[in-house]
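What follows is a set of notes on a single structure, which appears directly below.
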Amino acid sequence: MQGIISKINGVSLWHLVQGQGVPIVLLHGGPGSYDYLQPVAELLDERYFKIIRYEQRGSWRSEKTGPYDIETFIEDLEQLRIHLGVEKWVVCGHSWGASLALAYSTKYPANVKALIYISGTGINSAWHADYRTNRLNSMSPTDREEYIYLRSVMETMIGVEKEHTQDRLRELSLRTDLFNQNSFTQLPRIDGQFVNNEVNQKIGSECNGYFENEKFKKAISLTQFPCLFVHGEADPRPYHYVKELASNLQTSELAVIPRAGHYPWLDNSAALGKEINKFLLKHVLT
């Protein structure tokens with residue numbers, strides 16, 4: 001099914017709509033990656049859900065024009081809702097997309113039926129240190145040696161060489177995101193590229209200050225829409241930070257997917273689909 005490109009919030013954004021019923025928008029990760037969430041869309045019944053996917057600005061088929069900051073990405077999503085004539089929707093994000101879904105839902109709670117937060121990191125920046133340790137421990141000895149070396153020399157590089165090194169480091173990291181590392185070739189990428197590095201760096205540098213802000217934390221605690229937090233048991237990003245976040249919301253559920261990493265549909269699609277559909281049946285379709 002082919003998507004279309006529309007002018008939204010001043011930039012051209014690729015988007016795709018399929019199915020009918022309750023609108024649910026899927027937010028890809030990165031930041032600066034692209035829409036790889038078709039496998040998640042396939043877990044949803046198109047008879048009951050209007051499934052909306054799009055690519056954030058700076059990503060593959062969407063316009064590569066800034067600014068690249070969280071508030072702009074939130075407004076892009078809100079303007080997409082208005083463009084599509086959607087009154088309220090379920091907001092479902094993966095990884096960085098989960099963070100964006102949380103930020104959007106906190107700013108525009110009246111427009112959100114429910115939040116689904118897949119493989120996020122919570123809002124405590126302490127997760128970074130635990131993730132780095134878990135990531136190294138999940139690498140093979142050869143990968144670990146290469147990763148440590150490239151990290152030590154990357155700052156001496158410029159231009160194309162630095163870009164290639166960043167991509168190689170990301171590849172080594174991504175392997176650890178899978179419970180079954182033999183599924184590595186199924187990870188999202190376009191023409192060998194995993195992400196737009198400019199978008200990734202600019203949004204990434206803003207996240208800690210944005211999500212750890214006390215005003216934002218208070219706003220989260222006041223939200224009343226139902227929330228599902230889903231996390232792979234083997235994700236090197238520890239799920240206790242997500243559990244900590246979930247405990248601050250009034251109506252939330254946490255589902256830990258066994259034998260699954262950061263991309264749970266690659267490792268245990270059946271369990272992921274069961275949890276998402278159980279939540280939607282309970283809170284959205286009844």
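Chain lettering (A, B, ...) mirrors the order of the structure tokens, residue numbering begins at 1 for each chain separately, and ligand numbering begins at 1 in order of display.
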
| message | Need the shell around region 270-273 of chain A: protein/DNA/RNA residues with any atom at most 9 Å away, counting only C-alpha atoms. Skip same-chain ones fewer than 2 positions apart. Format as a VMD selection string? | response | chain A and resid 40 43 to 44 230 255 257 to 258 264 to 265 268 275 to 278

Take the residues from that selection and write them out as a PDB file, in the first residue's frame, keeping N, CA and C atoms.
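Contents of selection_8.pdb, freshly written:
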```pdb
ATOM      1  N   VAL A  40       3.939  -3.989  13.311  1.00  0.00           N
ATOM      2  CA  VAL A  40       3.040  -3.651  14.416  1.00  0.00           C
ATOM      3  C   VAL A  40       1.639  -3.385  13.871  1.00  0.00           C
ATOM      4  N   LEU A  43      -0.473  -6.380  13.434  1.00  0.00           N
ATOM      5  CA  LEU A  43      -1.033  -6.990  14.645  1.00  0.00           C
ATOM      6  C   LEU A  43      -2.420  -6.453  14.969  1.00  0.00           C
ATOM      7  N   LEU A  44      -2.826  -5.381  14.268  1.00  0.00           N
ATOM      8  CA  LEU A  44      -4.101  -4.720  14.525  1.00  0.00           C
ATOM      9  C   LEU A  44      -5.119  -5.107  13.457  1.00  0.00           C
ATOM     10  N   VAL A 230       4.984  -1.373  27.208  1.00  0.00           N
ATOM     11  CA  VAL A 230       5.417  -2.700  26.763  1.00  0.00           C
ATOM     12  C   VAL A 230       6.937  -2.702  26.634  1.00  0.00           C
ATOM     13  N   ALA A 255       3.519  -4.398  30.605  1.00  0.00           N
ATOM     14  CA  ALA A 255       3.629  -5.770  30.094  1.00  0.00           C
ATOM     15  C   ALA A 255       5.069  -6.021  29.671  1.00  0.00           C
ATOM     16  N   ILE A 257       7.546  -8.476  27.804  1.00  0.00           N
ATOM     17  CA  ILE A 257       7.449  -9.553  26.816  1.00  0.00           C
ATOM     18  C   ILE A 257       8.632 -10.501  26.984  1.00  0.00           C
ATOM     19  N   PRO A 258       8.376 -11.771  27.280  1.00  0.00           N
ATOM     20  CA  PRO A 258       9.485 -12.723  27.461  1.00  0.00           C
ATOM     21  C   PRO A 258      10.190 -13.036  26.152  1.00  0.00           C
ATOM     22  N   PRO A 264      10.302  -6.093  19.851  1.00  0.00           N
ATOM     23  CA  PRO A 264       9.624  -7.326  20.296  1.00  0.00           C
ATOM     24  C   PRO A 264       8.877  -8.064  19.203  1.00  0.00           C
ATOM     25  N   TRP A 265       8.494  -7.368  18.120  1.00  0.00           N
ATOM     26  CA  TRP A 265       7.799  -8.070  17.035  1.00  0.00           C
ATOM     27  C   TRP A 265       8.740  -8.997  16.271  1.00  0.00           C
ATOM     28  N   ASN A 268       9.176 -11.940  19.485  1.00  0.00           N
ATOM     29  CA  ASN A 268       8.003 -12.593  20.063  1.00  0.00           C
ATOM     30  C   ASN A 268       6.750 -11.815  19.658  1.00  0.00           C
ATOM     31  N   GLU A 275      -0.740  -8.603  23.997  1.00  0.00           N
ATOM     32  CA  GLU A 275      -0.787  -7.539  25.003  1.00  0.00           C
ATOM     33  C   GLU A 275      -1.438  -6.272  24.442  1.00  0.00           C
ATOM     34  N   ILE A 276      -1.074  -5.891  23.222  1.00  0.00           N
ATOM     35  CA  ILE A 276      -1.638  -4.678  22.628  1.00  0.00           C
ATOM     36  C   ILE A 276      -3.135  -4.818  22.424  1.00  0.00           C
ATOM     37  N   ASN A 277      -3.561  -5.940  21.860  1.00  0.00           N
ATOM     38  CA  ASN A 277      -4.985  -6.116  21.566  1.00  0.00           C
ATOM     39  C   ASN A 277      -5.819  -6.296  22.829  1.00  0.00           C
ATOM     40  N   LYS A 278      -5.270  -6.923  23.839  1.00  0.00           N
ATOM     41  CA  LYS A 278      -5.976  -7.042  25.120  1.00  0.00           C
ATOM     42  C   LYS A 278      -6.223  -5.661  25.718  1.00  0.00           C
TER      43      LYS A 278
END
```

| request: Identify, on the basis of only C-alpha atoms, every residue whose closest approach to Glu233 (chain A) does not exceed 9 Å; exclude the query and any residue fewer than 5 positions from it along the same chain; express the result as a list in words. | output: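 Once the adjacent positions are removed, what remains is Phe179, Pro238, Tyr239, Val256, Ile257, Pro258, Arg259, Ala260, Gly261 and His262 of chain A.
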
| query | Between CA of Lys113 (chain A) and CA of Gln18 (chain A), what is the distance, to one decimal in Å? | reply | 18.6 Å

| said: Can you pull out the residues contacting Asp76 (chain A)? Cut-off 12 Å, using only C-alpha atoms, and skip same-chain residues under 4 positions away; I want them as a ChimeraX atom specification. | reply: /A:6-15,27,54-58,62-63,66-72,80-83,100-101,104

| request: Excluding Leu280 (chain A) and any residue of its chain fewer than 2 positions from it, enumerate the residues within 12 Å of it, using only C-alpha atoms, and give them as a ChimeraX atom specification. | output: /A:22-24,43-45,48-49,89-92,113-116,226-228,253,273-278,282-286

| request: Between CA of Ser119 (chain A) and CA of Gln2 (chain A), measure the distance and give it in Å to one decimal. | output: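 According to the coordinates, CA of Ser119 (chain A) and CA of Gln2 (chain A) are separated by 27.1 Å.
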
In region 120-276 of chain A, DSSP strand (DSSP E or B) residues written as a PDB file with N, CA and C atoms, in the first residue's frame:
```
ATOM      1  N   ILE A 190      17.416   1.810   5.494  1.00  0.00           N
ATOM      2  CA  ILE A 190      17.132   2.180   4.108  1.00  0.00           C
ATOM      3  C   ILE A 190      18.468   2.344   3.393  1.00  0.00           C
ATOM      4  N   GLN A 193      21.434   2.458   5.486  1.00  0.00           N
ATOM      5  CA  GLN A 193      21.509   3.471   6.528  1.00  0.00           C
ATOM      6  C   GLN A 193      20.446   3.217   7.600  1.00  0.00           C
ATOM      7  N   CYS A 227      -2.889   3.954  29.667  1.00  0.00           N
ATOM      8  CA  CYS A 227      -1.545   3.810  29.085  1.00  0.00           C
ATOM      9  C   CYS A 227      -1.081   2.368  29.209  1.00  0.00           C
ATOM     10  N   LEU A 228      -0.502   1.858  28.136  1.00  0.00           N
ATOM     11  CA  LEU A 228       0.140   0.545  28.159  1.00  0.00           C
ATOM     12  C   LEU A 228       1.622   0.726  27.903  1.00  0.00           C
ATOM     13  N   PHE A 229       2.430   0.206  28.809  1.00  0.00           N
ATOM     14  CA  PHE A 229       3.880   0.225  28.658  1.00  0.00           C
ATOM     15  C   PHE A 229       4.328  -1.205  28.360  1.00  0.00           C
ATOM     16  N   VAL A 230       4.984  -1.373  27.208  1.00  0.00           N
ATOM     17  CA  VAL A 230       5.417  -2.700  26.763  1.00  0.00           C
ATOM     18  C   VAL A 230       6.937  -2.702  26.634  1.00  0.00           C
ATOM     19  N   HIS A 231       7.576  -3.732  27.169  1.00  0.00           N
ATOM     20  CA  HIS A 231       9.038  -3.763  27.132  1.00  0.00           C
ATOM     21  C   HIS A 231       9.516  -5.202  26.992  1.00  0.00           C
ATOM     22  N   GLY A 232      10.504  -5.412  26.134  1.00  0.00           N
ATOM     23  CA  GLY A 232      11.098  -6.728  25.979  1.00  0.00           C
ATOM     24  C   GLY A 232      11.980  -7.073  27.178  1.00  0.00           C
ATOM     25  N   SER A 252      -2.336   3.042  34.252  1.00  0.00           N
ATOM     26  CA  SER A 252      -1.279   2.459  33.420  1.00  0.00           C
ATOM     27  C   SER A 252      -1.142   0.970  33.684  1.00  0.00           C
ATOM     28  N   GLU A 253      -0.668   0.281  32.660  1.00  0.00           N
ATOM     29  CA  GLU A 253      -0.377  -1.147  32.751  1.00  0.00           C
ATOM     30  C   GLU A 253       1.013  -1.386  32.165  1.00  0.00           C
ATOM     31  N   LEU A 254       1.738  -2.328  32.732  1.00  0.00           N
ATOM     32  CA  LEU A 254       3.063  -2.684  32.244  1.00  0.00           C
ATOM     33  C   LEU A 254       3.064  -4.145  31.817  1.00  0.00           C
ATOM     34  N   ALA A 255       3.519  -4.398  30.605  1.00  0.00           N
ATOM     35  CA  ALA A 255       3.629  -5.770  30.094  1.00  0.00           C
ATOM     36  C   ALA A 255       5.069  -6.021  29.671  1.00  0.00           C
ATOM     37  N   VAL A 256       5.725  -6.997  30.284  1.00  0.00           N
ATOM     38  CA  VAL A 256       7.085  -7.376  29.920  1.00  0.00           C
ATOM     39  C   VAL A 256       7.006  -8.615  29.028  1.00  0.00           C
ATOM     40  N   ILE A 257       7.546  -8.476  27.804  1.00  0.00           N
ATOM     41  CA  ILE A 257       7.449  -9.553  26.816  1.00  0.00           C
ATOM     42  C   ILE A 257       8.632 -10.501  26.984  1.00  0.00           C
TER      43      ILE A 257
END
```

| message | When you count only C-alpha atoms, which of these residues is closest to Ile118 (chain A): A:Val160, A:Val17, A:Leu187, A:Leu37? | response | A:Leu37

| query | Between A:His240, A:Lys107, A:Arg170, A:Lys215, which has the minimum distance to Phe194 (chain A) (counting only C-alpha atoms)? | reply |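 Among the listed residues, A:Arg170 lies closest to Phe194 (chain A).
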
| field | Neighbour list for Ser125 (chain A) as a list in words, cut-off 9 Å, only C-alpha atoms, skip fewer than 3 positions in-chain | value |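 The neighbour list is Thr121, Gly122, His128, Ala129, Cys207, Asn208, Phe211 and Glu212 of chain A.
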
| message | DSSP on the backbone: which residues in region 51-112 of chain A end up as alpha helix (DSSP H)? Give the answer as a ChimeraX atom specification. | response | /A:70-84,96-107

Resulting file, chosen residues, C-alpha atoms, as a JSON list (two decimals), in the first residue's frame:
```json
[["chain", "number", "residue", "atom", "x", "y", "z"],
["A", 70, "ILE", "CA", 10.96, 17.97, 20.31],
["A", 71, "GLU", "CA", 8.39, 20.77, 20.27],
["A", 72, "THR", "CA", 8.45, 20.88, 16.47],
["A", 73, "PHE", "CA", 8.02, 17.12, 16.24],
["A", 74, "ILE", "CA", 5.06, 17.32, 18.65],
["A", 75, "GLU", "CA", 3.46, 20.03, 16.52],
["A", 76, "ASP", "CA", 4.07, 18.03, 13.33],
["A", 77, "LEU", "CA", 2.07, 15.20, 14.88],
["A", 78, "GLU", "CA", -0.72, 17.50, 16.03],
["A", 79, "GLN", "CA", -0.95, 19.09, 12.58],
["A", 80, "LEU", "CA", -1.08, 15.62, 11.03],
["A", 81, "ARG", "CA", -4.08, 14.84, 13.24],
["A", 82, "ILE", "CA", -5.82, 18.02, 12.10],
["A", 83, "HIS", "CA", -4.90, 17.36, 8.45],
["A", 84, "LEU", "CA", -6.47, 13.91, 8.60],
["A", 96, "TRP", "CA", 12.22, 7.34, 20.51],
["A", 97, "GLY", "CA", 8.69, 7.21, 19.08],
["A", 98, "ALA", "CA", 7.48, 6.15, 22.54],
["A", 99, "SER", "CA", 9.10, 9.27, 24.00],
["A", 100, "LEU", "CA", 7.49, 11.41, 21.31],
["A", 101, "ALA", "CA", 4.12, 9.76, 21.99],
["A", 102, "LEU", "CA", 4.50, 10.55, 25.69],
["A", 103, "ALA", "CA", 5.50, 14.17, 25.01],
["A", 104, "TYR", "CA", 2.62, 14.66, 22.56],
["A", 105, "SER", "CA", 0.06, 13.03, 24.85],
["A", 106, "THR", "CA", 1.17, 15.18, 27.76],
["A", 107, "LYS", "CA", 0.83, 18.39, 25.73]]
```

| query | Do you know which residues are at most 9 Å from region 167-169 of chain A counting only C-alpha atoms, after dropping those on the same chain fewer than 6 positions away, and could you put them as a list in words? | reply | Glu146, Tyr147, Leu150, Arg151, Gln193, Phe194, Val195 and Asn197 of chain A

| query | How many Å separate CA of Ile5 (chain A) from CA of His28 (chain A)? | reply | 16.8 Å

| note | Counting only C-alpha atoms, the residue among A:Glu244, A:Gln224, A:Lys202, A:Leu281 that lies closest to Ala110 (chain A) is A:Gln224
